[in-house]
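Read through the structure below, which is laid out as structure tokens, and then see the notes.
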Amino acid sequence: MEILRITTAGSVDDGKSTLIGRLLYETDSLKIDQVETIEEKSKSLGYDYIDFSLATDGLLTEREQGITIDVSHLYFSTPKRRFIIADAPGHVEYTRNMVTGASNVDVAIILLDARKGVMEQTKRHLYITQLLGINQLVITINKMDLIDYDEIQFNAIQQEIEKLISDYDWTPNCHFIPVSALKGDNVIAKSHKMPWYKGIDLLSLIENLNLDETVHGEGLMQVQHVIRPKTEEYHDYRGFAGKIKSGRFNPGDEIEVFPSGQKSKIKSIEKYGVKQNTTAIGENATLLLEDEIDASRGNTLVIANNNLKTEKLINAKICWMQNESLNPNGKYWLQQGVYKCLIKVKEVTAKMDWESWKSVPTDNLNMNDIGEVALQLAQPLLHAPYHKNKNLGAFILIDSHTNNTAGVGFIQ
Amino acid sequence: MNTLSYLEEEAIYIIREVVGQFDKPVLLFSGGKDSIVLLHLCKKAFLPGKIPFPLLHIDTGHNFPETISLRDELVKRYQVNLHIGSVQESIDQGKVVEEKGKYASRNSLQTTTLLETIENLKFDACMGGARRDEEKARAKERIFSVRDDFGQWNEKLQRPELFDILNGQIHSGENVRVFPISNWTELDVWEYIRYENLEIPSIYFSHQRTVFFRDGQLMPCSDFIHHNPNEAFQEHVRFRTVGDMSCTAAVPSKAADLDTVINEIKGSSISERGARMDDKRSEGAMEERKKVGYF
């Protein structure tokens, strides 16, 4: 069975936790003891109905305040598919969590309250979704029961969102569903209360979404670990193990080591000690070479005569994620996959202004800001624009004092 | 890619990151099914080489004997070194005090022994078989989870984890807990055990055992748990988790092999940790224990 990874985003009180709680409940992913805990807690809080959000809000502070403050990972399955949900919170101050939750997914489900329509938060969720290049978008318009399942209001919200999306250089597959998470309309079965809605229910939709996973480009693997058994049997064995970031490798292919530029040929390919004929993208592989060349962790093996760019100066969009502001004179570690090098911030040029929805000049970035920067690298970086290859275009910045993950970057 | 291959790729990538980023990693090994799966993944990650780090078992002294004998067998089979941190020694040295009363368990005492062993042996990355689907506080856990020099988890200061980029930079004295099978579910673990034909302790399969009822749960009779001998009776049971004998309840079961166990789990309406008394102490029991350094 295939795994589908989903992130969910919504504003405060859009009923996101309730929606997920219902998906878990209706697909029998919650066990009796978990359901009993939720029922008891709902009763003790004096609610008239079962509060499904109690299934997903994992931390004590969240249950006390009735809000979600951290990315939570939830699992459920149907006979058709396995699902992993990264549930990201809706609060402004936790925008970094949405970026985090959205970095590892195939599909984004964005929730809106039908009564309120498009909010500032919705715009920000759309912005982040396009920044991360997510191509499957499910806009779930919730609380339809509270607007008497009104088609006109639903259509108005749909048009407003389509207009917002058209402002970006981004053409996702976009699906709109009117639901009531509380009442269960269009969540796991089609509701009779909205005969005007011609689409399918949320669960059927995510069960049947087609994912295009092809990432083109030259065969490229960052060396994660060099396997040297140093035993009698494998005396001269040197296997370069890592994850295939793009393209594929076959025995006989001529390769080049970055940054040394040394060349060799692939003698054989293994995976977990077993011989393979080729490699596949996203999979771990061990490459054995014809010549004894020097390559270590963080080096890249790439098909020779490629068109990849290596530069020491890069332009990127950055989402700042830590409390301490970006220090324009500071040094940070850049980590792209397993490759790390020191960087200096050369220039901060602009940031997104969440009120005017325009890029405005700035020389600083604070937590939750998304800005444009030029970075000077201590070593050259083998890269591609993020929208062409996520594996080569994404990186994190690590604060060299706190060691925290200070920001995430998308190479332009 | 099917579910098991996807999860295996992800776990092995994480295990290799641990070896790449840390000086002295260790695998926390309880002898339960999750740590056996993790041990097997560690072996695959470095084939045809050997596993380049030792195992650490925190021994409560209240183990199921079946778990300990398989642990020792696996240590030989996988050619790894085993360190043991003894809760009994921590008690003897007066560092922790044994709990009293009918719910007395050594489960929470393990934390002190664990933190001390990590500090003494200077481990900087401790891999464990915890999964996010087990418990709601664990659903928020990162793959690389930084602990301060008191071993504490601060849920509000977790590092964001983006794409497959894992930030293992720490200050000296800190360590990282790593959870390579974070995204696996209980069923995935069982299906992987079947797929890879792994040996697990016999108590996971149906067997006859002397048990008694406590708070609606079937508890195994042993020297480590207070009970009235008149309450005891024989029942066909198996265990879904393998913890300290004093806090792990059994479930009635006739499932004697992998296929029937897997079918039973698919049809079960009780969660895996529903039979763990340590989680039932309070609503935030797991979160509270994680904050002070529990597994």
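Letters for chains follow the order of the structure tokens (A, B, ...), residue numbers begin at 1 for each chain, and ligand numbers begin at 1 in the order shown.
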Problem - Interface residues on chain A facing chain B, 8 Å, only C-alpha atoms, written as a VMD selection string - result: chain A and resid 1 to 3 30 to 34 55 to 60 70 to 75 82 84 96 to 97 99 to 101 103 to 104 224 to 225 227 to 230 234 242 to 243 272 to 273 283 to 284 297 321 335 to 338 395 to 396 398 403 to 405 408
Practice task
Name all residues at most 10 Å from Ser191 in chain A (count only C-alpha atoms; drop same-chain ones fewer than 4 positions away) and give them as a PyMOL selection string.
Solution key: chain A and resi 178-180+183-187+195+197+200-201
Exercise for the section: Using CA of Leu203 in chain A and CA of Asn135 in chain A as the two end points, give the distance in Å to one decimal. Expected result: 18.1 Å
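Proximity to Thr67 in chain B at 8 Å, evaluated using only C-alpha atoms and with sequence-adjacent residues fewer than 4 positions away removed, yields Gly31, Gly32, Asn63, Arg71 and Pro201 of chain B.
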Can you check which residues of range 206-246 of chain B DSSP gives as strand (DSSP E or B) on the backbone and send them as a PDB file with N, CA and C atoms, in the first residue's frame?
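Written out: result_11.pdb:
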```pdb
ATOM      1  N   HIS B 207       0.293 -17.947  25.207  1.00  0.00           N
ATOM      2  CA  HIS B 207       0.848 -18.972  26.092  1.00  0.00           C
ATOM      3  C   HIS B 207       0.001 -18.998  27.350  1.00  0.00           C
ATOM      4  N   GLN B 208       0.119 -20.091  28.118  1.00  0.00           N
ATOM      5  CA  GLN B 208      -0.655 -20.174  29.346  1.00  0.00           C
ATOM      6  C   GLN B 208       0.134 -19.529  30.479  1.00  0.00           C
ATOM      7  N   ARG B 209      -0.530 -18.689  31.277  1.00  0.00           N
ATOM      8  CA  ARG B 209       0.189 -17.943  32.314  1.00  0.00           C
ATOM      9  C   ARG B 209      -0.733 -17.733  33.515  1.00  0.00           C
ATOM     10  N   THR B 210      -0.099 -17.644  34.692  1.00  0.00           N
ATOM     11  CA  THR B 210      -0.871 -17.337  35.898  1.00  0.00           C
ATOM     12  C   THR B 210      -1.042 -15.823  35.972  1.00  0.00           C
ATOM     13  N   VAL B 211      -2.291 -15.393  36.017  1.00  0.00           N
ATOM     14  CA  VAL B 211      -2.587 -13.959  35.969  1.00  0.00           C
ATOM     15  C   VAL B 211      -3.626 -13.604  37.032  1.00  0.00           C
ATOM     16  N   PHE B 212      -3.832 -12.326  37.241  1.00  0.00           N
ATOM     17  CA  PHE B 212      -4.927 -11.865  38.099  1.00  0.00           C
ATOM     18  C   PHE B 212      -5.472 -10.567  37.533  1.00  0.00           C
ATOM     19  N   PHE B 213      -6.711 -10.251  37.917  1.00  0.00           N
ATOM     20  CA  PHE B 213      -7.341  -9.028  37.411  1.00  0.00           C
ATOM     21  C   PHE B 213      -7.006  -7.830  38.283  1.00  0.00           C
ATOM     22  N   ARG B 214      -6.603  -6.728  37.669  1.00  0.00           N
ATOM     23  CA  ARG B 214      -6.476  -5.483  38.427  1.00  0.00           C
ATOM     24  C   ARG B 214      -6.999  -4.350  37.547  1.00  0.00           C
ATOM     25  N   GLN B 217      -7.653  -5.105  34.028  1.00  0.00           N
ATOM     26  CA  GLN B 217      -6.544  -5.584  33.195  1.00  0.00           C
ATOM     27  C   GLN B 217      -6.030  -6.910  33.733  1.00  0.00           C
ATOM     28  N   LEU B 218      -5.515  -7.729  32.825  1.00  0.00           N
ATOM     29  CA  LEU B 218      -4.925  -9.013  33.221  1.00  0.00           C
ATOM     30  C   LEU B 218      -3.448  -8.807  33.519  1.00  0.00           C
ATOM     31  N   MET B 219      -3.072  -8.913  34.790  1.00  0.00           N
ATOM     32  CA  MET B 219      -1.668  -8.707  35.145  1.00  0.00           C
ATOM     33  C   MET B 219      -0.985 -10.055  35.350  1.00  0.00           C
ATOM     34  N   PRO B 220       0.282 -10.165  34.895  1.00  0.00           N
ATOM     35  CA  PRO B 220       0.993 -11.434  35.096  1.00  0.00           C
ATOM     36  C   PRO B 220       1.438 -11.555  36.552  1.00  0.00           C
ATOM     37  N   PHE B 233      -5.360 -16.946  38.478  1.00  0.00           N
ATOM     38  CA  PHE B 233      -5.930 -18.032  37.678  1.00  0.00           C
ATOM     39  C   PHE B 233      -5.122 -18.221  36.400  1.00  0.00           C
ATOM     40  N   GLN B 234      -5.366 -19.317  35.718  1.00  0.00           N
ATOM     41  CA  GLN B 234      -4.639 -19.627  34.482  1.00  0.00           C
ATOM     42  C   GLN B 234      -5.411 -19.088  33.277  1.00  0.00           C
ATOM     43  N   GLU B 235      -4.686 -18.534  32.336  1.00  0.00           N
ATOM     44  CA  GLU B 235      -5.361 -18.015  31.145  1.00  0.00           C
ATOM     45  C   GLU B 235      -4.414 -18.065  29.953  1.00  0.00           C
ATOM     46  N   HIS B 236      -4.986 -18.228  28.740  1.00  0.00           N
ATOM     47  CA  HIS B 236      -4.178 -18.109  27.526  1.00  0.00           C
ATOM     48  C   HIS B 236      -4.040 -16.635  27.203  1.00  0.00           C
ATOM     49  N   VAL B 237      -2.844 -16.135  27.261  1.00  0.00           N
ATOM     50  CA  VAL B 237      -2.628 -14.700  27.052  1.00  0.00           C
ATOM     51  C   VAL B 237      -1.425 -14.462  26.148  1.00  0.00           C
ATOM     52  N   ARG B 238      -1.318 -13.217  25.680  1.00  0.00           N
ATOM     53  CA  ARG B 238      -0.070 -12.750  25.088  1.00  0.00           C
ATOM     54  C   ARG B 238       0.107 -11.283  25.467  1.00  0.00           C
TER      55      ARG B 238
END
```
Exercise for the section: Just the residues within 10 Å of Trp357 in chain A, please, counting only C-alpha atoms, with nothing from its chain fewer than 6 positions along; format it as a PyMOL selection string. Expected result: chain A and resi 120+123-124+127
Practice task
Tell me, as a ChimeraX atom specification, which residues lie within 12 Å of Ile118 in chain B, counting only C-alpha atoms; anything in the same chain fewer than 4 positions away does not count.
Solution key: /B:24-28,55-58,83-85,111-114,122-127,147,149-151,173-177,293,295
Handout entry: DSSP helix (DSSP H, G or I) selection over range 31-157 of chain B, as a PyMOL selection string
Key = chain B and resi 33-46+65-77+87-92+110-121+138-140+155-157
Could you save those same residues with C-alpha atoms as a compact mmCIF listing (two decimals), in the first residue's frame?
```txt
# COMPACT_ATOMS: atom_id res chain seq x y z
CA LYS B 33 9.64 -6.00 19.26
CA ASP B 34 10.31 -2.35 18.35
CA SER B 35 13.92 -2.44 19.45
CA ILE B 36 14.40 -5.78 17.69
CA VAL B 37 13.13 -4.20 14.46
CA LEU B 38 15.44 -1.24 15.03
CA LEU B 39 18.42 -3.53 15.63
CA HIS B 40 17.69 -5.28 12.35
CA LEU B 41 17.43 -1.95 10.49
CA CYS B 42 20.80 -0.94 12.00
CA LYS B 43 22.34 -4.12 10.64
CA LYS B 44 20.95 -3.52 7.15
CA ALA B 45 22.17 0.09 7.17
CA PHE B 46 25.81 -0.95 7.38
CA PRO B 65 13.00 -13.89 31.52
CA GLU B 66 12.03 -14.70 27.89
CA THR B 67 13.11 -11.18 26.85
CA ILE B 68 16.49 -11.40 28.54
CA SER B 69 17.41 -14.76 27.02
CA LEU B 70 16.55 -13.53 23.51
CA ARG B 71 18.43 -10.27 24.15
CA ASP B 72 21.61 -12.21 24.93
CA GLU B 73 21.12 -14.43 21.90
CA LEU B 74 20.63 -11.41 19.58
CA VAL B 75 23.74 -9.70 20.94
CA LYS B 76 25.74 -12.71 19.74
CA ARG B 77 23.90 -13.05 16.45
CA VAL B 87 17.99 0.06 38.20
CA GLN B 88 18.76 -2.27 41.12
CA GLU B 89 22.19 -0.65 41.42
CA SER B 90 20.63 2.82 41.40
CA ILE B 91 18.34 1.66 44.24
CA ASP B 92 21.24 0.08 46.17
CA GLN B 110 14.49 3.79 34.93
CA THR B 111 14.90 7.45 33.98
CA THR B 112 17.58 8.09 36.63
CA THR B 113 19.55 5.00 35.62
CA LEU B 114 19.20 5.86 31.93
CA LEU B 115 20.42 9.45 32.33
CA GLU B 116 23.32 8.40 34.54
CA THR B 117 24.44 5.68 32.15
CA ILE B 118 24.27 8.09 29.21
CA GLU B 119 26.40 10.57 31.15
CA ASN B 120 28.93 8.02 32.41
CA LEU B 121 29.46 6.39 29.03
CA ARG B 138 4.87 11.04 21.35
CA ALA B 139 2.89 12.25 18.32
CA LYS B 140 4.66 15.59 18.83
CA GLU B 155 8.27 20.46 24.17
CA LYS B 156 8.09 24.18 23.42
CA LEU B 157 11.68 24.47 22.21
```
Problem - Residues near Thr310 in chain A, cut-off 6 Å, only C-alpha atoms, skip fewer than 5 positions along chain, as a list in words - result: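 Contacts, in chain order: Pro380, Leu381 and Leu382 of chain A.
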Take the residues that were just selected and, keeping C-alpha atoms, output them as a CSV table (one decimal), in the first residue's frame.
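So again_22.csv came out as:
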```csv
chain,number,residue,atom,x,y,z
A,380,PRO,CA,30.7,26.0,-3.3
A,381,LEU,CA,27.3,24.4,-3.3
A,382,LEU,CA,26.0,22.0,-5.9
```
Practice task
Would you mind listing what lies within 12 Å of range 351-353 of chain A as a PyMOL selection string, with only C-alpha atoms counted and same-chain residues fewer than 5 positions away left out?
Solution key: chain A and resi 120+123-124+127-128+131+316-320+358-373
